[in-house]
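Enquirer: Quick one: this structure, given as structure tokens, is what I'll be asking you about.
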Amino acid sequence: MKSFWSLSSLFPLLTSAFAEVKLPAIFSDGAVLQRDQAVAVWGWADAGKAVKVSFGAQQKQTTAAADGTWIVKLDAMPASAESRELKASEAGGKEIVVKDVLVGEVWLASGQSNMEWAINASQQADKDAATSKPLPLIRMIKVPKKVMHQRQDDFVGSWATATPDKVMSFSAVGYFFARQLHENLNVPVGIINSSWGGTRIDPWLAEEGFANVPELADMAKTRAAQLPGTPAVDAAMAAHIQNTKAWCDAAEKALATKGAIPAQPTLTAPLLPLQSQTGMYQAMIHPVRQYGLKGFLWYQGESNNGEGILYYHKMRVLIDGWRQQFGMPNAPFLFVQLAPFTYKNTGLPEIWAAQQKSLSIPNTGMAVINDIGNVKDIHPGNKSEVGRRLSLWALDGTYGMKQKVVSGPLFNQIKADGDKIHVKFDYTGSGLVARDGKDLTHFEVAGADGAFHPAVAAINPSGDSITLTSAQVAAPQQARFAWNETAEPNLMNKEGLPAGAFHSHWPKK
């Protein structure tokens with residue numbers, strides 16, 4: 001009996017000795033921490049326990065809150081390719097060691113299938129380039145597909161090094177963007193891939209982003225009435241629970257007296273449909289919101305084709321919401337304009353225009369890809385060039401490495417001039433030119449009647465504007481370019497970047 005009680009008294013001490021902190025999956029072997037900014041490290045431990053975190057010469061301490069959560073912030077660090085260990089432990093517990101941690105640049109890549117599209121499904125040249133050599137300072141992690149109404153704090157996944165066998169299943173756009181940064185900045189780069197083919201923009205939205213977009217106030221109100229955790233839904237659920245309890249009592253009495261059982265009450269606040277309207281921010285973005293990042297990549301819009309200017313307002317919600325949640329109000333947000341494709345409707349040009357209008361949001365950039373698409377394949381194979389074009393914006397605007405030009409020509413303004421109309425562009429670089437050396441294609445003009453006709457386009461000597469004329473339009477007032485879902489125009493700047501579609505009077509007529 002004495003021996004039994006001795007062992008029993010030791011049991012709490014033994015279990016305590018094996019207690020350990022828990023880190024989220026984003027802190028796994030091979031991780032990259034963001035340089036030049038304070039880096040949050042967080043996790044879970046026993047409530048009230050002291051927690052110690054160390055990385056290199058830094059040591060930080062805190063105490064786990066009543067719910068077991070804790071967080072510390074490492075001081076800003078310069079980039080380092082030195083493999084180091086991140087260690088965490090709670091008082092009296094086992095130490096967790098995350099190995100081979102680097103410091104460099106970290107970006108989050110998201111969207112639908114063209115962002116998810118892996119290297120092994122891309123063009124052969126991309127496969128050959130990605131597998132030509134290992135790049136040990138590029139690290140990749142994928143957030144698995146999952147939808148939840150409630151915001152999640154973790155996911156299942158781990159970092160991988162960009163070796164030929166690992167890169168093939170990773171996002172091609174994400175990988176080639178990271179590769180461009182690594183080769184130009186000469187620092188480690190981490191890329192987080194959180195994407196899902198076929199998804200709309202809606203389930204990726206964080207509700208906080210609606211506050212500054214009054215145009216979508218009705219949408220915000222509808223969502224707030226159907227999302228768990230919001231006051232409206234909580235009140236409706238509480239009322240439903242009380243009604244259900246009352247019904248149970250009434251049903252039991254009716255059953256005991258052989259009476260008619262009353263109808264069961266129904267929930268009056270249905271939840272938003274997962275995957276089509278909500279759930280991806282909650283399960284696939286929210287878990288990494290505290291992780292140190294430099295910026296975001298976005299390639300999506302096919303599933304919102306037909307929404308027109310509404311898509312621009314949703315982009316405002318997306319960008320502002322993510323920036324709020326990550327605590328980075330000016331974080332760069334770089335996105336891809338959709339490629340031409342045979343949707344067999346008229347919505348794609350309006351999505352293009354909405355995407356270009358999104359450039360009015362501060363610190364954004366857009367890669368135009370109408371020269372490397374495939375009108376018969378919604379998933380064009382040349383993903384390395386998409387990654388490169390996104391990187392031009394990052395290298396120039398985010399990292400201060402001045403590029404000759406970051407985009408193809410984008411519409412600036414028009415000026416009617418009798419029987420002709422002048423169109424001025426931004427991002428003309430060294431000057432405008434036809435890619436194939438032939439006449440410029442896909443330009444149209446319209447008079448006061450709004451009826452468009454093909455136009456002859458001539459590049460002006462300044463190299464940054466074009467003059468349009470049409471024998472069918474005596475006094476042109478409007479102009480548009482590549483305003484067709486399968487348009488593959490030949491206008492570009494001399495740096496080889498294509499011009500984006502435009503309509504001088506859309507959405508106003």
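We label chains A, B, ... in the order they appear in the structure tokens, count residues from 1 in each chain, and number ligands from 1 in the order shown.
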Do you know which residues are at most 12 Å from Glu183 of chain A counting only C-alpha atoms, after dropping those on the same chain fewer than 6 positions away, and could you put them as an MDAnalysis selection string?

Expert: chainID A and resid 135 137:138 176:177 189 388 391 395

Enquirer: Select from segment 155-247 of chain A every residue with an atom at most 10 Å from any atom of segment 94-102 of chain A, then for each give the shortest pair of atoms and their distance in Å to one decimal, using only C-alpha atoms, rows by chain and rising number, as a Markdown table.

Expert:
| residue | atom | partner | partner_atom | distance |
| --- | --- | --- | --- | --- |
| A:Val187 | CA | A:Leu102 | CA | 9.4 |
| A:Pro188 | CA | A:Leu102 | CA | 6.8 |
| A:Val189 | CA | A:Leu102 | CA | 8.7 |
| A:Gly190 | CA | A:Leu102 | CA | 9.1 |

Enquirer: Could you turn the residues from that selection into a file that holds C-alpha atoms, as an mmCIF file, in the first residue's frame?

Expert:
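File produced: part.cif:
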data_model
loop_
_atom_site.group_PDB
_atom_site.id
_atom_site.type_symbol
_atom_site.label_atom_id
_atom_site.label_comp_id
_atom_site.auth_asym_id
_atom_site.auth_seq_id
_atom_site.Cartn_x
_atom_site.Cartn_y
_atom_site.Cartn_z
ATOM 1 C CA VAL A 187 17.585 35.932 -49.740
ATOM 2 C CA PRO A 188 15.480 32.965 -48.570
ATOM 3 C CA VAL A 189 11.865 33.082 -49.740
ATOM 4 C CA GLY A 190 8.861 31.314 -48.248
#

Enquirer: Just list the residues in segment 190-370 of chain A DSSP gives alpha helix (DSSP H) on the backbone, as an MDAnalysis selection string.

Expert: chainID A and resid 217:224 231:256 280 309:326 348:357

Enquirer: Determine the nearest neighbour of Tyr175 of chain A from the options A:Phe210, A:Trp322, A:Trp117, A:Trp483, counting only C-alpha atoms.

Expert: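 Among A:Phe210, A:Trp322, A:Trp117, A:Trp483, it is A:Trp117 that comes nearest to Tyr175 of chain A.
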
Enquirer: Could you name the residues that touch segment 468-480 of chain A at 10 Å or less, counting only C-alpha atoms, but leaving out those on the same chain fewer than 5 positions away, as a PyMOL selection string?

Expert: chain A and resi 411+413-423+442-459+501-506+509

Enquirer: Taking a cut-off of 7 Å and counting only C-alpha atoms, can you build a table that, for each residue of segment 319-351 of chain A near segment 277-295 of chain A, reports the nearest atom pair and how far apart they are in Å (one decimal), sorted by chain then residue number, as a tab-separated table?

Expert:
residue	atom	partner	partner_atom	distance
A:Gln325	CA	A:Arg289	CA	6.0
A:Phe326	CA	A:Arg289	CA	4.8
A:Ala331	CA	A:Gly295	CA	5.2
A:Pro332	CA	A:Gly295	CA	4.9
A:Phe333	CA	A:Gly295	CA	6.0

Enquirer: The selected residues should be written to file as a CSV table (one decimal), in the first residue's frame (atoms: N, CA and C atoms).

Expert:
chain,number,residue,atom,x,y,z
A,325,GLN,N,-6.7,41.9,-41.0
A,325,GLN,CA,-6.5,40.7,-40.2
A,325,GLN,C,-5.0,40.4,-40.0
A,326,PHE,N,-4.2,40.7,-41.0
A,326,PHE,CA,-2.7,40.5,-40.9
A,326,PHE,C,-2.0,41.7,-40.2
A,331,ALA,N,0.1,46.5,-47.0
A,331,ALA,CA,0.8,45.3,-47.6
A,331,ALA,C,0.5,45.3,-49.1
A,332,PRO,N,1.6,45.0,-49.9
A,332,PRO,CA,1.3,44.8,-51.3
A,332,PRO,C,0.4,43.7,-51.6
A,333,PHE,N,-0.5,44.0,-52.6
A,333,PHE,CA,-1.5,43.0,-53.0
A,333,PHE,C,-1.4,42.9,-54.5

Enquirer: Residues near segment 350-359 of chain A, anyone? I mean within 8 Å using only C-alpha atoms, not counting same-chain ones fewer than 6 positions away, as a PDB file with C-alpha atoms, in the first residue's frame.

Expert:
ATOM      1  CA  GLY A 301     -12.127  35.707 -60.965  1.00  0.00           C
ATOM      2  CA  ASN A 305     -17.399  36.105 -64.419  1.00  0.00           C
ATOM      3  CA  GLY A 306     -20.454  38.224 -65.196  1.00  0.00           C
ATOM      4  CA  GLU A 307     -20.366  40.363 -62.039  1.00  0.00           C
ATOM      5  CA  GLY A 308     -18.778  43.388 -63.675  1.00  0.00           C
ATOM      6  CA  ILE A 309     -18.106  46.338 -61.381  1.00  0.00           C
ATOM      7  CA  LEU A 310     -19.376  44.312 -58.415  1.00  0.00           C
ATOM      8  CA  TYR A 311     -16.148  42.332 -58.593  1.00  0.00           C
ATOM      9  CA  TYR A 312     -14.124  45.509 -58.034  1.00  0.00           C
ATOM     10  CA  MET A 315     -11.751  43.116 -54.341  1.00  0.00           C
ATOM     11  CA  ARG A 316     -11.844  46.154 -52.068  1.00  0.00           C
ATOM     12  CA  GLN A 337      -5.855  39.748 -64.785  1.00  0.00           C
ATOM     13  CA  LEU A 338      -7.698  36.805 -66.332  1.00  0.00           C
ATOM     14  CA  GLY A 365      -0.270  45.557 -58.949  1.00  0.00           C
ATOM     15  CA  MET A 366      -1.744  43.609 -61.853  1.00  0.00           C
ATOM     16  CA  ALA A 501      -8.279  45.710 -72.429  1.00  0.00           C
ATOM     17  CA  PHE A 502     -10.297  48.864 -71.847  1.00  0.00           C
ATOM     18  CA  HIS A 503     -13.601  50.596 -72.526  1.00  0.00           C
ATOM     19  CA  TRP A 506     -17.592  51.508 -68.968  1.00  0.00           C
TER      20      TRP A 506
END

Enquirer: Please give the complete set of residues from segment 339-469 of chain A that DSSP, run on the backbone, assigns to strand (DSSP E), formatted as a VMD selection string.

Expert: chain A and resid 364 to 367 410 to 417 420 to 426 432 to 434 443 to 446 452 to 454 456 to 459 465 to 469

Enquirer: Between atom CA of Lys424 of chain A and atom CA of Glu488 of chain A, what is the distance in Å, rounded to a tenth?

Expert: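 Atom CA of Lys424 of chain A sits 20.1 Å away from atom CA of Glu488 of chain A.
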
Enquirer: Tell me, as a PyMOL selection string, which residues lie within 10 Å of Lys402 of chain A, counting only C-alpha atoms; anything in the same chain fewer than 5 positions away does not count.

Expert: chain A and resi 392-393+395-397

Enquirer: Determine, counting only C-alpha atoms, which protein, DNA and RNA residues have an atom within 8 Å of an atom of Asn120 of chain A; residues of the same chain fewer than 2 positions away are not included. Present the result as an MDAnalysis selection string.

Expert: chainID A and resid 118 122 127 168:169

Enquirer: Give me, please, the distance in Å between atom CA of Val375 of chain A and atom CA of Glu495 of chain A, quoted to one decimal.

Expert: 24.0 Å

Enquirer: Give the answer as one residue: which of A:Lys142, A:Lys166, A:Arg84, A:Lys60 has the shortest atom-to-atom distance to Ile26 of chain A, using only C-alpha atoms?

Expert: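 Counting only C-alpha atoms, the residue closest to Ile26 of chain A is A:Lys142.
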
Enquirer: Would you mind telling me which residue in A:Asn114, A:Ser195, A:Asn363, A:Asn370 lies nearest to Lys383 of chain A when using only C-alpha atoms?

Expert: A:Asn114

Enquirer: Distance atom CA of Leu272 of chain A-atom CA of Ser194 of chain A, one decimal place?

Expert: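 Rounded to one decimal, the two atoms are 21.3 Å apart.
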
Enquirer: Which residues are close to Thr199 of chain A, i.e. within 7 Å by only C-alpha atoms, leaving aside same-chain residues fewer than 5 positions away? Reply as number ranges by chain.

Expert: A: 112, 276, 303

Enquirer: Between A:Ala394, A:Leu267, A:Leu108, A:Ala130, which is the closest to Asn193 of chain A once you count only C-alpha atoms?

Expert: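 Answer, going by the shortest atom-to-atom distance: A:Leu108.
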